[in-house]
$ cat final.cif   # mmCIF, C-alpha atoms and all ligand atoms
data_protein
loop_
_atom_site.group_PDB
_atom_site.id
_atom_site.type_symbol
_atom_site.label_atom_id
_atom_site.label_comp_id
_atom_site.auth_asym_id
_atom_site.auth_seq_id
_atom_site.Cartn_x
_atom_site.Cartn_y
_atom_site.Cartn_z
ATOM 1 C CA MET A 25 17.205 9.839 -9.463
ATOM 2 C CA ARG A 26 13.900 8.410 -10.656
ATOM 3 C CA GLU A 27 14.436 5.005 -9.018
ATOM 4 C CA ALA A 28 15.427 6.667 -5.746
ATOM 5 C CA ILE A 29 12.234 8.753 -5.766
ATOM 6 C CA LEU A 30 10.105 5.653 -6.346
ATOM 7 C CA ALA A 31 11.866 3.739 -3.570
ATOM 8 C CA GLY A 32 11.304 6.689 -1.237
ATOM 9 C CA LEU A 33 7.626 6.818 -2.140
ATOM 10 C CA GLU A 34 7.134 3.086 -1.509
ATOM 11 C CA GLN A 35 8.599 3.639 1.922
ATOM 12 C CA GLU A 36 6.359 6.640 2.561
ATOM 13 C CA TYR A 37 3.289 4.646 1.567
ATOM 14 C CA ALA A 38 4.272 1.777 3.872
ATOM 15 C CA GLN A 39 4.580 4.280 6.706
ATOM 16 C CA LYS A 40 1.201 5.728 5.833
ATOM 17 C CA ARG A 41 -0.390 2.262 5.928
ATOM 18 C CA ALA A 42 1.243 1.470 9.256
ATOM 19 C CA ALA A 43 0.070 4.783 10.728
ATOM 20 C CA ASN A 44 -3.488 4.132 9.550
ATOM 21 C CA GLU A 45 -3.414 0.629 11.012
ATOM 22 C CA ARG A 46 -2.241 2.039 14.330
ATOM 23 C CA GLU A 47 -5.120 4.509 14.260
ATOM 24 C CA GLU A 48 -7.604 1.696 13.501
ATOM 25 C CA ALA A 49 -6.290 -0.329 16.463
ATOM 26 C CA LYS A 50 -6.567 2.729 18.702
ATOM 27 C CA ARG A 51 -10.192 3.189 17.696
ATOM 28 C CA ARG A 52 -11.047 -0.448 18.338
ATOM 29 C CA GLN A 53 -9.442 -0.163 21.759
ATOM 30 C CA LEU A 54 -11.392 2.988 22.583
ATOM 31 C CA ILE A 55 -14.657 1.328 21.609
ATOM 32 C CA ALA A 56 -13.809 -1.761 23.684
ATOM 33 C CA GLU A 57 -13.095 0.397 26.727
ATOM 34 C CA ARG A 58 -15.871 2.955 26.560
ATOM 35 C CA TYR A 59 -18.767 1.669 24.498
ATOM 36 C CA PRO A 60 -19.737 -1.867 25.592
ATOM 37 C CA ASP A 61 -22.897 -1.798 23.436
ATOM 38 C CA ILE A 62 -20.876 -1.213 20.258
ATOM 39 C CA ARG A 63 -18.269 -3.740 21.326
ATOM 40 C CA GLU A 64 -21.059 -6.278 21.767
ATOM 41 C CA LEU A 65 -22.283 -5.598 18.208
ATOM 42 C CA THR A 66 -18.815 -5.856 16.678
ATOM 43 C CA GLN A 67 -18.241 -9.133 18.503
ATOM 44 C CA GLN A 68 -21.523 -10.423 17.092
ATOM 45 C CA ARG A 69 -20.358 -9.454 13.635
ATOM 46 C CA GLU A 70 -17.057 -11.271 14.110
ATOM 47 C CA GLN A 71 -18.907 -14.372 15.267
ATOM 48 C CA MET A 72 -21.183 -14.131 12.282
ATOM 49 C CA ILE A 73 -18.211 -13.992 9.895
ATOM 50 C CA PHE A 74 -16.709 -16.956 11.702
ATOM 51 C CA GLY A 75 -20.061 -18.778 11.600
ATOM 52 C CA SER A 76 -20.462 -18.181 7.889
ATOM 53 C CA LEU A 77 -17.044 -19.706 7.285
ATOM 54 C CA ARG A 78 -18.086 -22.769 9.276
ATOM 55 C CA GLN A 79 -21.294 -23.034 7.260
ATOM 56 C CA ILE A 80 -19.338 -22.940 4.030
ATOM 57 C CA LEU A 81 -17.031 -25.661 5.340
ATOM 58 C CA ASP A 82 -20.024 -27.727 6.474
ATOM 59 C CA HIS A 83 -21.736 -27.214 3.098
ATOM 60 C CA ASN A 84 -24.593 -25.506 4.842
ATOM 61 C CA ALA A 85 -24.109 -22.134 3.201
ATOM 62 C CA GLY A 86 -27.179 -20.537 1.703
ATOM 63 C CA LYS A 87 -29.625 -21.959 4.251
ATOM 64 C CA THR A 88 -29.822 -18.686 6.135
ATOM 65 C CA ASP A 89 -29.726 -15.141 4.797
ATOM 66 C CA LEU A 90 -26.219 -14.363 6.053
ATOM 67 C CA PRO A 91 -25.456 -11.389 3.786
ATOM 68 C CA GLY A 92 -28.738 -9.799 4.847
ATOM 69 C CA GLN A 93 -28.044 -10.388 8.523
ATOM 70 C CA MET A 94 -24.510 -9.009 8.153
ATOM 71 C CA ALA A 95 -25.779 -5.863 6.446
ATOM 72 C CA ALA A 96 -28.382 -5.383 9.175
ATOM 73 C CA LEU A 97 -25.750 -5.778 11.875
ATOM 74 C CA SER A 98 -23.375 -3.371 10.163
ATOM 75 C CA GLU A 99 -26.168 -0.832 9.953
ATOM 76 C CA LYS A 100 -26.835 -1.330 13.693
ATOM 77 C CA ILE A 101 -23.148 -0.631 14.407
ATOM 78 C CA ARG A 102 -23.206 2.506 12.286
ATOM 79 C CA LYS A 103 -26.324 3.706 14.086
ATOM 80 C CA ALA A 104 -24.820 2.989 17.522
ATOM 81 C CA LEU A 105 -21.726 4.979 16.546
ATOM 82 C CA ARG A 106 -23.892 7.884 15.424
ATOM 83 C CA ASP A 107 -25.892 7.706 18.664
ATOM 84 C CA HIS A 108 -22.672 8.088 20.617
ATOM 85 C CA GLY A 109 -21.745 11.105 18.534
ATOM 86 C CA LEU A 110 -19.031 9.259 16.587
ATOM 87 C CA PRO A 111 -18.703 9.168 12.793
ATOM 88 C CA GLU A 112 -20.535 6.158 11.398
ATOM 89 C CA ASN A 113 -17.447 4.923 9.531
ATOM 90 C CA TYR A 114 -15.349 5.120 12.700
ATOM 91 C CA LEU A 115 -14.585 1.392 12.696
ATOM 92 C CA GLU A 116 -14.001 0.965 8.987
ATOM 93 C CA PRO A 117 -10.503 0.580 7.529
ATOM 94 C CA ILE A 118 -8.780 3.948 7.092
ATOM 95 C CA TYR A 119 -7.328 4.720 3.671
ATOM 96 C CA SER A 120 -5.838 8.030 2.649
ATOM 97 C CA CYS A 121 -6.583 6.899 -0.930
ATOM 98 C CA LYS A 122 -9.454 4.486 -1.401
ATOM 99 C CA LYS A 123 -8.561 3.688 -4.997
ATOM 100 C CA CYS A 124 -5.217 2.041 -4.164
ATOM 101 C CA ARG A 125 -5.738 1.455 -0.437
ATOM 102 C CA ASP A 126 -2.492 3.328 0.134
ATOM 103 C CA THR A 127 -0.391 0.898 -1.836
ATOM 104 C CA GLY A 128 0.200 3.357 -4.684
ATOM 105 C CA TRP A 129 -0.899 0.718 -7.195
ATOM 106 C CA TYR A 130 -4.166 -0.720 -8.453
ATOM 107 C CA GLY A 131 -5.471 -3.113 -11.082
ATOM 108 C CA GLU A 132 -5.305 -6.830 -11.761
ATOM 109 C CA PRO A 133 -3.513 -8.535 -13.364
ATOM 110 C CA VAL A 134 -1.651 -5.488 -14.700
ATOM 111 C CA ARG A 135 -0.638 -3.178 -11.913
ATOM 112 C CA LYS A 136 -1.003 0.511 -12.650
ATOM 113 C CA MET A 137 0.406 3.393 -10.662
ATOM 114 C CA CYS A 138 -2.392 5.173 -8.792
ATOM 115 C CA THR A 139 -3.011 8.829 -9.559
ATOM 116 C CA CYS A 140 -2.105 9.714 -5.974
ATOM 117 C CA MET A 141 1.351 8.203 -6.340
ATOM 118 C CA GLU A 142 1.775 9.634 -9.827
ATOM 119 C CA GLU A 143 1.162 13.091 -8.467
ATOM 120 C CA ALA A 144 3.505 12.583 -5.519
ATOM 121 C CA TYR A 145 6.136 11.258 -7.920
ATOM 122 C CA ARG A 146 5.787 14.236 -10.259
ATOM 123 C CA ASN A 147 6.020 16.697 -7.374
ATOM 124 C CA LYS A 148 9.106 15.002 -5.958
ATOM 125 C CA LEU A 149 10.797 14.867 -9.331
ATOM 126 C CA HIS A 150 10.011 18.533 -9.884
ATOM 127 C CA GLU A 151 11.473 19.348 -6.515
ATOM 128 C CA GLU A 152 14.638 17.331 -7.116
ATOM 129 C CA ILE A 153 15.146 18.851 -10.538
ATOM 130 C CA GLY A 154 14.720 22.332 -9.090
ATOM 131 C CA LEU A 155 11.494 23.041 -10.961
ATOM 132 C CA ALA A 156 9.118 23.207 -7.999
ATOM 133 C CA GLY A 157 7.002 26.331 -8.217
ATOM 134 C CA THR A 158 8.374 27.370 -11.604
ATOM 135 C CA GLY A 159 5.443 26.225 -13.739
ATOM 136 C CA ARG A 160 4.768 29.655 -15.208
ATOM 137 C CA GLU A 161 8.200 30.146 -16.688
ATOM 138 C CA THR A 162 7.930 28.392 -20.025
ATOM 139 C CA PHE A 163 8.732 29.310 -23.621
ATOM 140 C CA GLU A 164 4.995 29.283 -24.278
ATOM 141 C CA ALA A 165 4.510 31.943 -21.599
ATOM 142 C CA PHE A 166 7.313 34.133 -22.917
ATOM 143 C CA ASP A 167 5.903 37.571 -23.577
ATOM 144 C CA PRO A 168 7.975 39.685 -25.983
ATOM 145 C CA SER A 169 5.737 42.716 -25.465
ATOM 146 C CA LEU A 170 7.406 43.219 -22.071
ATOM 147 C CA PHE A 171 10.570 44.304 -23.856
ATOM 148 C CA ASP A 172 11.191 47.674 -25.399
ATOM 149 C CA ASP A 173 10.894 47.806 -29.170
ATOM 150 C CA THR A 174 11.703 51.450 -29.797
ATOM 151 C CA ILE A 175 15.394 52.021 -29.110
ATOM 152 C CA PRO A 176 18.133 50.018 -30.843
ATOM 153 C CA LEU A 177 20.539 48.559 -28.288
ATOM 154 C CA GLU A 178 24.066 49.862 -28.469
ATOM 155 C CA GLY A 179 26.313 47.424 -30.284
ATOM 156 C CA TYR A 180 23.438 45.205 -31.416
ATOM 157 C CA GLY A 181 21.627 47.308 -33.999
ATOM 158 C CA MET A 182 18.308 45.876 -32.801
ATOM 159 C CA SER A 183 15.773 46.584 -30.088
ATOM 160 C CA GLN A 184 15.626 44.707 -26.793
ATOM 161 C CA ARG A 185 12.493 42.936 -28.007
ATOM 162 C CA SER A 186 14.164 41.712 -31.205
ATOM 163 C CA LEU A 187 17.162 40.579 -29.186
ATOM 164 C CA MET A 188 14.973 38.682 -26.724
ATOM 165 C CA ASN A 189 13.011 37.030 -29.529
ATOM 166 C CA LEU A 190 16.277 35.853 -30.992
ATOM 167 C CA VAL A 191 17.626 34.662 -27.630
ATOM 168 C CA ARG A 192 14.422 32.861 -26.843
ATOM 169 C CA LYS A 193 14.691 31.056 -30.167
ATOM 170 C CA LEU A 194 18.299 30.064 -29.495
ATOM 171 C CA CYS A 195 17.486 28.759 -26.015
ATOM 172 C CA GLU A 196 14.393 26.902 -27.180
ATOM 173 C CA GLN A 197 16.293 25.340 -30.056
ATOM 174 C CA TRP A 198 18.991 24.239 -27.652
ATOM 175 C CA ALA A 199 16.468 22.606 -25.309
ATOM 176 C CA ASP A 200 14.603 20.989 -28.208
ATOM 177 C CA SER A 201 17.667 19.604 -29.931
ATOM 178 C CA TYR A 202 19.709 18.438 -26.936
ATOM 179 C CA PRO A 203 21.803 16.212 -27.066
ATOM 180 C CA GLU A 204 22.306 17.356 -30.677
ATOM 181 C CA ALA A 205 22.401 21.017 -29.640
ATOM 182 C CA ARG A 206 24.747 23.416 -31.391
ATOM 183 C CA SER A 207 26.988 23.747 -28.332
ATOM 184 C CA GLN A 208 27.769 21.578 -25.347
ATOM 185 C CA ASP A 209 27.462 24.425 -22.837
ATOM 186 C CA VAL A 210 25.598 27.705 -22.584
ATOM 187 C CA LEU A 211 26.470 30.877 -20.696
ATOM 188 C CA ILE A 212 23.880 33.637 -20.420
ATOM 189 C CA ASN A 213 25.124 36.895 -18.984
ATOM 190 C CA GLY A 214 23.724 40.355 -18.472
ATOM 191 C CA MET A 215 22.494 42.666 -15.745
ATOM 192 C CA SER A 216 19.774 41.468 -13.393
ATOM 193 C CA GLY A 217 16.164 41.836 -14.449
ATOM 194 C CA LEU A 218 16.744 41.022 -18.113
ATOM 195 C CA GLY A 219 15.115 37.575 -18.072
ATOM 196 C CA LYS A 220 18.025 35.176 -17.495
ATOM 197 C CA THR A 221 16.286 33.138 -14.798
ATOM 198 C CA PHE A 222 13.173 32.908 -16.930
ATOM 199 C CA LEU A 223 15.180 31.549 -19.861
ATOM 200 C CA LEU A 224 16.952 28.992 -17.684
ATOM 201 C CA ARG A 225 13.729 27.769 -16.159
ATOM 202 C CA ALA A 226 11.995 27.586 -19.516
ATOM 203 C CA MET A 227 14.888 25.499 -20.822
ATOM 204 C CA ALA A 228 14.794 23.253 -17.744
ATOM 205 C CA GLN A 229 11.037 22.816 -18.112
ATOM 206 C CA ARG A 230 11.328 21.847 -21.784
ATOM 207 C CA LEU A 231 14.191 19.444 -21.108
ATOM 208 C CA TYR A 232 12.202 17.904 -18.273
ATOM 209 C CA GLU A 233 9.171 17.492 -20.540
ATOM 210 C CA ARG A 234 11.415 15.748 -23.039
ATOM 211 C CA GLY A 235 12.458 13.323 -20.300
ATOM 212 C CA LYS A 236 16.041 14.583 -20.122
ATOM 213 C CA ASP A 237 18.144 14.310 -16.989
ATOM 214 C CA VAL A 238 18.293 17.973 -16.027
ATOM 215 C CA LEU A 239 19.130 19.576 -12.695
ATOM 216 C CA LEU A 240 18.415 23.246 -12.090
ATOM 217 C CA THR A 241 20.022 24.945 -9.149
ATOM 218 C CA ASP A 242 21.441 28.315 -8.246
ATOM 219 C CA ALA A 243 24.969 29.246 -7.355
ATOM 220 C CA TYR A 244 24.221 29.611 -3.686
ATOM 221 C CA ARG A 245 22.722 26.144 -3.381
ATOM 222 C CA MET A 246 25.495 24.706 -5.531
ATOM 223 C CA LEU A 247 28.026 26.186 -3.145
ATOM 224 C CA SER A 248 26.372 24.733 -0.055
ATOM 225 C CA MET A 249 26.243 21.325 -1.761
ATOM 226 C CA MET A 250 29.915 21.639 -2.645
ATOM 227 C CA ARG A 251 30.945 22.704 0.824
ATOM 228 C CA LYS A 252 28.963 19.887 2.372
ATOM 229 C CA SER A 253 30.509 17.219 0.171
ATOM 230 C CA TYR A 254 33.971 18.703 0.613
ATOM 231 C CA PHE A 255 33.977 19.246 4.354
ATOM 232 C CA GLU A 256 31.481 16.666 5.612
ATOM 233 C CA ASP A 257 31.462 13.796 3.167
ATOM 234 C CA GLY A 258 35.117 13.984 2.152
ATOM 235 C CA GLU A 259 34.240 13.996 -1.541
ATOM 236 C CA GLU A 260 35.527 16.366 -4.147
ATOM 237 C CA GLU A 261 32.187 17.149 -5.789
ATOM 238 C CA PRO A 262 28.572 16.453 -4.938
ATOM 239 C CA GLU A 263 27.535 13.426 -6.953
ATOM 240 C CA GLU A 264 24.277 14.923 -8.183
ATOM 241 C CA LEU A 265 26.081 17.916 -9.671
ATOM 242 C CA VAL A 266 28.478 15.691 -11.584
ATOM 243 C CA LYS A 267 25.911 13.081 -12.578
ATOM 244 C CA ALA A 268 23.130 15.179 -14.132
ATOM 245 C CA ASP A 269 23.338 15.189 -17.940
ATOM 246 C CA ILE A 270 22.435 18.861 -17.992
ATOM 247 C CA LEU A 271 23.359 20.998 -15.000
ATOM 248 C CA MET A 272 21.890 24.504 -14.931
ATOM 249 C CA ILE A 273 23.280 26.978 -12.433
ATOM 250 C CA ASP A 274 21.418 30.231 -12.077
ATOM 251 C CA ASP A 275 23.013 33.444 -10.882
ATOM 252 C CA VAL A 276 26.652 32.382 -10.797
ATOM 253 C CA GLY A 277 28.615 35.102 -9.022
ATOM 254 C CA SER A 278 25.995 35.756 -6.350
ATOM 255 C CA GLU A 279 27.502 33.147 -4.042
ATOM 256 C CA PRO A 280 30.184 34.022 -1.485
ATOM 257 C CA LEU A 281 33.687 32.905 -2.392
ATOM 258 C CA PHE A 282 35.613 30.697 -0.017
ATOM 259 C CA GLN A 283 39.379 30.761 -0.192
ATOM 260 C CA ASN A 284 39.899 29.041 -3.543
ATOM 261 C CA VAL A 285 37.510 26.237 -2.642
ATOM 262 C CA THR A 286 34.753 27.524 -4.880
ATOM 263 C CA VAL A 287 36.964 28.248 -7.834
ATOM 264 C CA GLU A 288 38.938 25.010 -7.637
ATOM 265 C CA GLN A 289 35.832 22.890 -7.185
ATOM 266 C CA LEU A 290 33.944 24.697 -9.894
ATOM 267 C CA LEU A 291 36.796 24.289 -12.327
ATOM 268 C CA HIS A 292 37.165 20.624 -11.492
ATOM 269 C CA MET A 293 33.448 20.080 -11.884
ATOM 270 C CA ILE A 294 33.251 21.874 -15.223
ATOM 271 C CA ASN A 295 36.188 19.821 -16.492
ATOM 272 C CA LEU A 296 34.712 16.554 -15.287
ATOM 273 C CA ARG A 297 31.379 17.329 -16.870
ATOM 274 C CA ARG A 298 32.897 18.456 -20.131
ATOM 275 C CA ASP A 299 35.154 15.415 -20.377
ATOM 276 C CA SER A 300 32.197 13.081 -19.882
ATOM 277 C CA GLY A 301 30.136 14.876 -22.517
ATOM 278 C CA LYS A 302 27.735 16.463 -20.038
ATOM 279 C CA SER A 303 26.349 19.973 -20.507
ATOM 280 C CA THR A 304 26.616 22.879 -18.123
ATOM 281 C CA ILE A 305 24.426 25.946 -18.454
ATOM 282 C CA MET A 306 25.081 29.036 -16.372
ATOM 283 C CA SER A 307 23.618 32.459 -15.983
ATOM 284 C CA THR A 308 25.444 35.350 -14.404
ATOM 285 C CA ASN A 309 25.014 39.026 -13.683
ATOM 286 C CA LEU A 310 28.737 39.475 -14.033
ATOM 287 C CA SER A 311 30.255 41.042 -17.097
ATOM 288 C CA MET A 312 32.795 38.868 -18.904
ATOM 289 C CA LYS A 313 35.555 40.945 -17.328
ATOM 290 C CA GLU A 314 34.152 40.443 -13.832
ATOM 291 C CA PHE A 315 33.578 36.747 -14.530
ATOM 292 C CA ARG A 316 37.232 36.387 -15.497
ATOM 293 C CA GLU A 317 38.422 38.234 -12.398
ATOM 294 C CA ARG A 318 36.264 36.239 -10.053
ATOM 295 C CA TYR A 319 36.643 32.742 -11.466
ATOM 296 C CA THR A 320 40.116 33.030 -13.010
ATOM 297 C CA GLU A 321 41.085 32.865 -16.626
ATOM 298 C CA ARG A 322 40.957 29.054 -16.593
ATOM 299 C CA ILE A 323 37.238 28.881 -15.845
ATOM 300 C CA ALA A 324 36.375 31.859 -17.978
ATOM 301 C CA SER A 325 38.184 30.478 -20.998
ATOM 302 C CA ARG A 326 36.397 27.136 -20.607
ATOM 303 C CA MET A 327 32.985 28.731 -20.277
ATOM 304 C CA THR A 328 33.534 31.078 -23.219
ATOM 305 C CA ASP A 329 35.282 28.739 -25.652
ATOM 306 C CA PRO A 330 33.222 29.347 -28.799
ATOM 307 C CA THR A 331 33.703 25.774 -30.017
ATOM 308 C CA LEU A 332 32.027 24.406 -26.894
ATOM 309 C CA CYS A 333 29.919 27.133 -25.375
ATOM 310 C CA MET A 334 27.175 29.377 -26.693
ATOM 311 C CA VAL A 335 27.580 32.743 -24.958
ATOM 312 C CA ILE A 336 24.500 34.940 -24.889
ATOM 313 C CA THR A 337 24.781 38.492 -23.634
ATOM 314 C CA LEU A 338 21.541 40.249 -22.732
ATOM 315 C CA LYS A 339 21.172 44.001 -22.734
ATOM 316 C CA GLY A 340 18.439 46.525 -22.164
ATOM 317 C CA LYS A 341 16.101 47.772 -19.491
ATOM 318 C CA ASP A 342 15.478 46.038 -16.169
ATOM 319 C CA LEU A 343 12.152 44.232 -16.516
ATOM 320 C CA ARG A 344 11.310 43.547 -12.919
ATOM 321 C CA GLU A 345 9.243 46.671 -12.445
ATOM 322 C CA LYS A 346 7.155 45.918 -15.507
ATOM 323 C CA VAL A 347 6.329 42.272 -14.921
ATOM 324 C CA ARG A 348 2.926 41.884 -13.342
ATOM 325 C CA LYS A 349 3.018 40.118 -10.015
ATOM 326 C CA PRO A 350 1.003 36.865 -9.995
HETATM 327 ZN ZN ZN B 1 -4.011 6.005 -4.572
#
$ encode --input "final.cif" --output "structure tokens"
Amino acid sequence: MREAILAGLEQEYAQKRAANEREEAKRRQLIAERYPDIRELTQQREQMIFGSLRQILDHNAGKTDLPGQMAALSEKIRKALRDHGLPENYLEPIYSCKKCRDTGWYGEPVRKMCTCMEEAYRNKLHEEIGLAGTGRETFEAFDPSLFDDTIPLEGYGMSQRSLMNLVRKLCEQWADSYPEARSQDVLINGMSGLGKTFLLRAMAQRLYERGKDVLLTDAYRMLSMMRKSYFEDGEEEPEELVKADILMIDDVGSEPLFQNVTVEQLLHMINLRRDSGKSTIMSTNLSMKEFRERYTERIASRMTDPTLCMVITLKGKDLREKVRKP
């Protein structure tokens, strides 16, 4: 994934350079056609550059003040441009980034990636991983005070806040210790508004920061990827879903079901991933009973096998009304 992003960026930068060169040529043409006085000055400058080369070749350099004359001529050109109501740098090379001159790299002899390309790379990677726009959902930003601490949850003997503190710890530990995590897979279930998406994104963010190959998606997007690869590309599963070391699928059960396709593909994908030692993390609003009914016993038993999967069930009050909008 990372090499493909870099290759794509190199291509983008080449296109940017070509576009800027086209714009420069257009400007020179416009000047040549409409502003003969400026054209005259630029031609003088070209001749001067040519003349200075000849002087160097003839060992006559240094006899006249060429740099001074060049600077004076350049200033004349800038003034003429201003007089015609054009920007004074109208005829200078156009760079979207001056530091790297739109190559994405700078420095001699060791080439360093320019900050502009670094940023583009980070954004693209974030997008591909599914983390674009999710910067706020981190373990550091987890706020236990949002959860009720007064009523013990039925069947848990602890408040929602204590439960969430525990769950947060489990999820953070998993993300910190992967690939040595306590389970290969994770399934987080519970009603909507209990913080499942937050937990998934926080895990994805931490795994990303640790340089792990994580892909975060939701069930709906997963389904459209699956349908596309199945019906259009003639492949069983989308490569990126099988390849990622850690695949996180948010909101499983929200996607429409298509005549066995979903279930068969999902099962096949989970098996493939498990057999190759890759981790799958899912969240779902469905109860375990509903999960079983929807995805068949075969999938349910794989995703709830206690030797392979950590199942976390959230309970409590819907948070969405309480969370402050950014
Ligand atoms: Zn740059």
$ residues_around --input "final.cif" --residues "Leu149 of chain A" --least-positions-apart "6" --cutoff "10 Å" --atoms "all atoms listed in the file" --output "VMD selection string"
chain A and resid 25 to 26 29 to 30 143 155 to 156 232
$ write_last_selection --input "final.cif" --atoms "C-alpha atoms" --output "tab-separated table (two decimals), keeping the file's coordinate frame"
chain	number	residue	atom	x	y	z
A	25	MET	CA	17.20	9.84	-9.46
A	26	ARG	CA	13.90	8.41	-10.66
A	29	ILE	CA	12.23	8.75	-5.77
A	30	LEU	CA	10.10	5.65	-6.35
A	143	GLU	CA	1.16	13.09	-8.47
A	155	LEU	CA	11.49	23.04	-10.96
A	156	ALA	CA	9.12	23.21	-8.00
A	232	TYR	CA	12.20	17.90	-18.27
$ closest_atom_pairs --input "final.cif" --of "chain A" --to "ligand ZN 1 (chain B)" --cutoff "9 Å" --atoms "only C-alpha atoms and all ligand atoms" --output "CSV"
residue,atom,partner,partner_atom,distance
A:Tyr119,CA,B:ZN1,ZN,9.0
A:Ser120,CA,B:ZN1,ZN,7.7
A:Cys121,CA,B:ZN1,ZN,4.5
A:Lys122,CA,B:ZN1,ZN,6.5
A:Lys123,CA,B:ZN1,ZN,5.1
A:Cys124,CA,B:ZN1,ZN,4.2
A:Arg125,CA,B:ZN1,ZN,6.4
A:Asp126,CA,B:ZN1,ZN,5.6
A:Thr127,CA,B:ZN1,ZN,6.8
A:Gly128,CA,B:ZN1,ZN,5.0
A:Trp129,CA,B:ZN1,ZN,6.7
A:Tyr130,CA,B:ZN1,ZN,7.8
A:Met137,CA,B:ZN1,ZN,8.0
A:Cys138,CA,B:ZN1,ZN,4.6
A:Thr139,CA,B:ZN1,ZN,5.8
A:Cys140,CA,B:ZN1,ZN,4.4
A:Met141,CA,B:ZN1,ZN,6.1
A:Glu142,CA,B:ZN1,ZN,8.6
$ write_last_selection --input "final.cif" --atoms "C-alpha atoms" --output "compact mmCIF listing (two decimals), keeping the file's coordinate frame"
# COMPACT_ATOMS: atom_id res chain seq x y z
CA TYR A 119 -7.33 4.72 3.67
CA SER A 120 -5.84 8.03 2.65
CA CYS A 121 -6.58 6.90 -0.93
CA LYS A 122 -9.45 4.49 -1.40
CA LYS A 123 -8.56 3.69 -5.00
CA CYS A 124 -5.22 2.04 -4.16
CA ARG A 125 -5.74 1.46 -0.44
CA ASP A 126 -2.49 3.33 0.13
CA THR A 127 -0.39 0.90 -1.84
CA GLY A 128 0.20 3.36 -4.68
CA TRP A 129 -0.90 0.72 -7.20
CA TYR A 130 -4.17 -0.72 -8.45
CA MET A 137 0.41 3.39 -10.66
CA CYS A 138 -2.39 5.17 -8.79
CA THR A 139 -3.01 8.83 -9.56
CA CYS A 140 -2.10 9.71 -5.97
CA MET A 141 1.35 8.20 -6.34
CA GLU A 142 1.78 9.63 -9.83
$ closest_residue --input "final.cif" --among "A:Leu110, A:Tyr202, A:Asp209, A:Asp274" --to "Tyr59 of chain A" --atoms "only C-alpha atoms"
A:Leu110
$ atom_distance --input "final.cif" --atom1 "atom CA of Gly92 of chain A" --atom2 "atom CA of Gly75 of chain A"
14.2 Å
$ residues_around --input "final.cif" --residues "Gly301 of chain A" --least-positions-apart "5" --cutoff "9 Å" --atoms "only C-alpha atoms" --output "list in words"
Gln208, Asp269 and Leu296 of chain A
$ atom_distance --input "final.cif" --atom1 "atom CA of Ile153 of chain A" --atom2 "atom CA of Val238 of chain A"
6.4 Å
$ resolve_selection --input "final.cif" --expression "the PyMOL selection byres (((chain A and resi 189-194) around 8) and not hetatm)" --output "list in words"
Phe163, Pro168, Arg185, Ser186, Leu187, Met188, Cys195, Glu196, Gln197, Trp198, Leu223 and Ile336 of chain A
$ atom_distance --input "final.cif" --atom1 "atom CA of Pro133 of chain A" --atom2 "atom CA of Tyr37 of chain A"
21.0 Å
$ residues_around --input "final.cif" --residues "Ser216 of chain A" --least-positions-apart "2" --cutoff "10 Å" --atoms "all atoms listed in the file" --output "count of residues only"
16
$ residues_around --input "final.cif" --residues "segment 254-260 of chain A" --least-positions-apart "2" --cutoff "10 Å" --atoms "only C-alpha atoms" --output "PDB file with C-alpha atoms, in the coordinates of the input"
ATOM      1  CA  SER A 248      26.372  24.733  -0.055  1.00  0.00           C
ATOM      2  CA  MET A 249      26.243  21.325  -1.761  1.00  0.00           C
ATOM      3  CA  MET A 250      29.915  21.639  -2.645  1.00  0.00           C
ATOM      4  CA  ARG A 251      30.945  22.704   0.824  1.00  0.00           C
ATOM      5  CA  LYS A 252      28.963  19.887   2.372  1.00  0.00           C
ATOM      6  CA  PRO A 262      28.572  16.453  -4.938  1.00  0.00           C
ATOM      7  CA  GLU A 263      27.535  13.426  -6.953  1.00  0.00           C
ATOM      8  CA  VAL A 285      37.510  26.237  -2.642  1.00  0.00           C
ATOM      9  CA  GLU A 288      38.938  25.010  -7.637  1.00  0.00           C
ATOM     10  CA  GLN A 289      35.832  22.890  -7.185  1.00  0.00           C
ATOM     11  CA  HIS A 292      37.165  20.624 -11.492  1.00  0.00           C
ATOM     12  CA  MET A 293      33.448  20.080 -11.884  1.00  0.00           C
TER      13      MET A 293
END
$ axis_aligned_box --input "final.cif" --around "segment 190-195 of chain A" --padding-each-side "8 Å" --output "AutoDock Vina command-line options"
--center_x 16.4 --center_y 32.3 --center_z -28.5 --size_x 19.9 --size_y 23.1 --size_z 21.0
$ residues_around --input "final.cif" --residues "Leu97 of chain A" --least-positions-apart "4" --cutoff "10 Å" --atoms "only C-alpha atoms" --output "mmCIF file with C-alpha atoms, in the coordinates of the input"
data_model
loop_
_atom_site.group_PDB
_atom_site.id
_atom_site.type_symbol
_atom_site.label_atom_id
_atom_site.label_comp_id
_atom_site.auth_asym_id
_atom_site.auth_seq_id
_atom_site.Cartn_x
_atom_site.Cartn_y
_atom_site.Cartn_z
ATOM 1 C CA LEU A 65 -22.283 -5.598 18.208
ATOM 2 C CA THR A 66 -18.815 -5.856 16.678
ATOM 3 C CA GLN A 68 -21.523 -10.423 17.092
ATOM 4 C CA ARG A 69 -20.358 -9.454 13.635
ATOM 5 C CA MET A 72 -21.183 -14.131 12.282
ATOM 6 C CA PRO A 91 -25.456 -11.389 3.786
ATOM 7 C CA GLY A 92 -28.738 -9.799 4.847
ATOM 8 C CA GLN A 93 -28.044 -10.388 8.523
ATOM 9 C CA ILE A 101 -23.148 -0.631 14.407
ATOM 10 C CA ARG A 102 -23.206 2.506 12.286
ATOM 11 C CA LYS A 103 -26.324 3.706 14.086
#
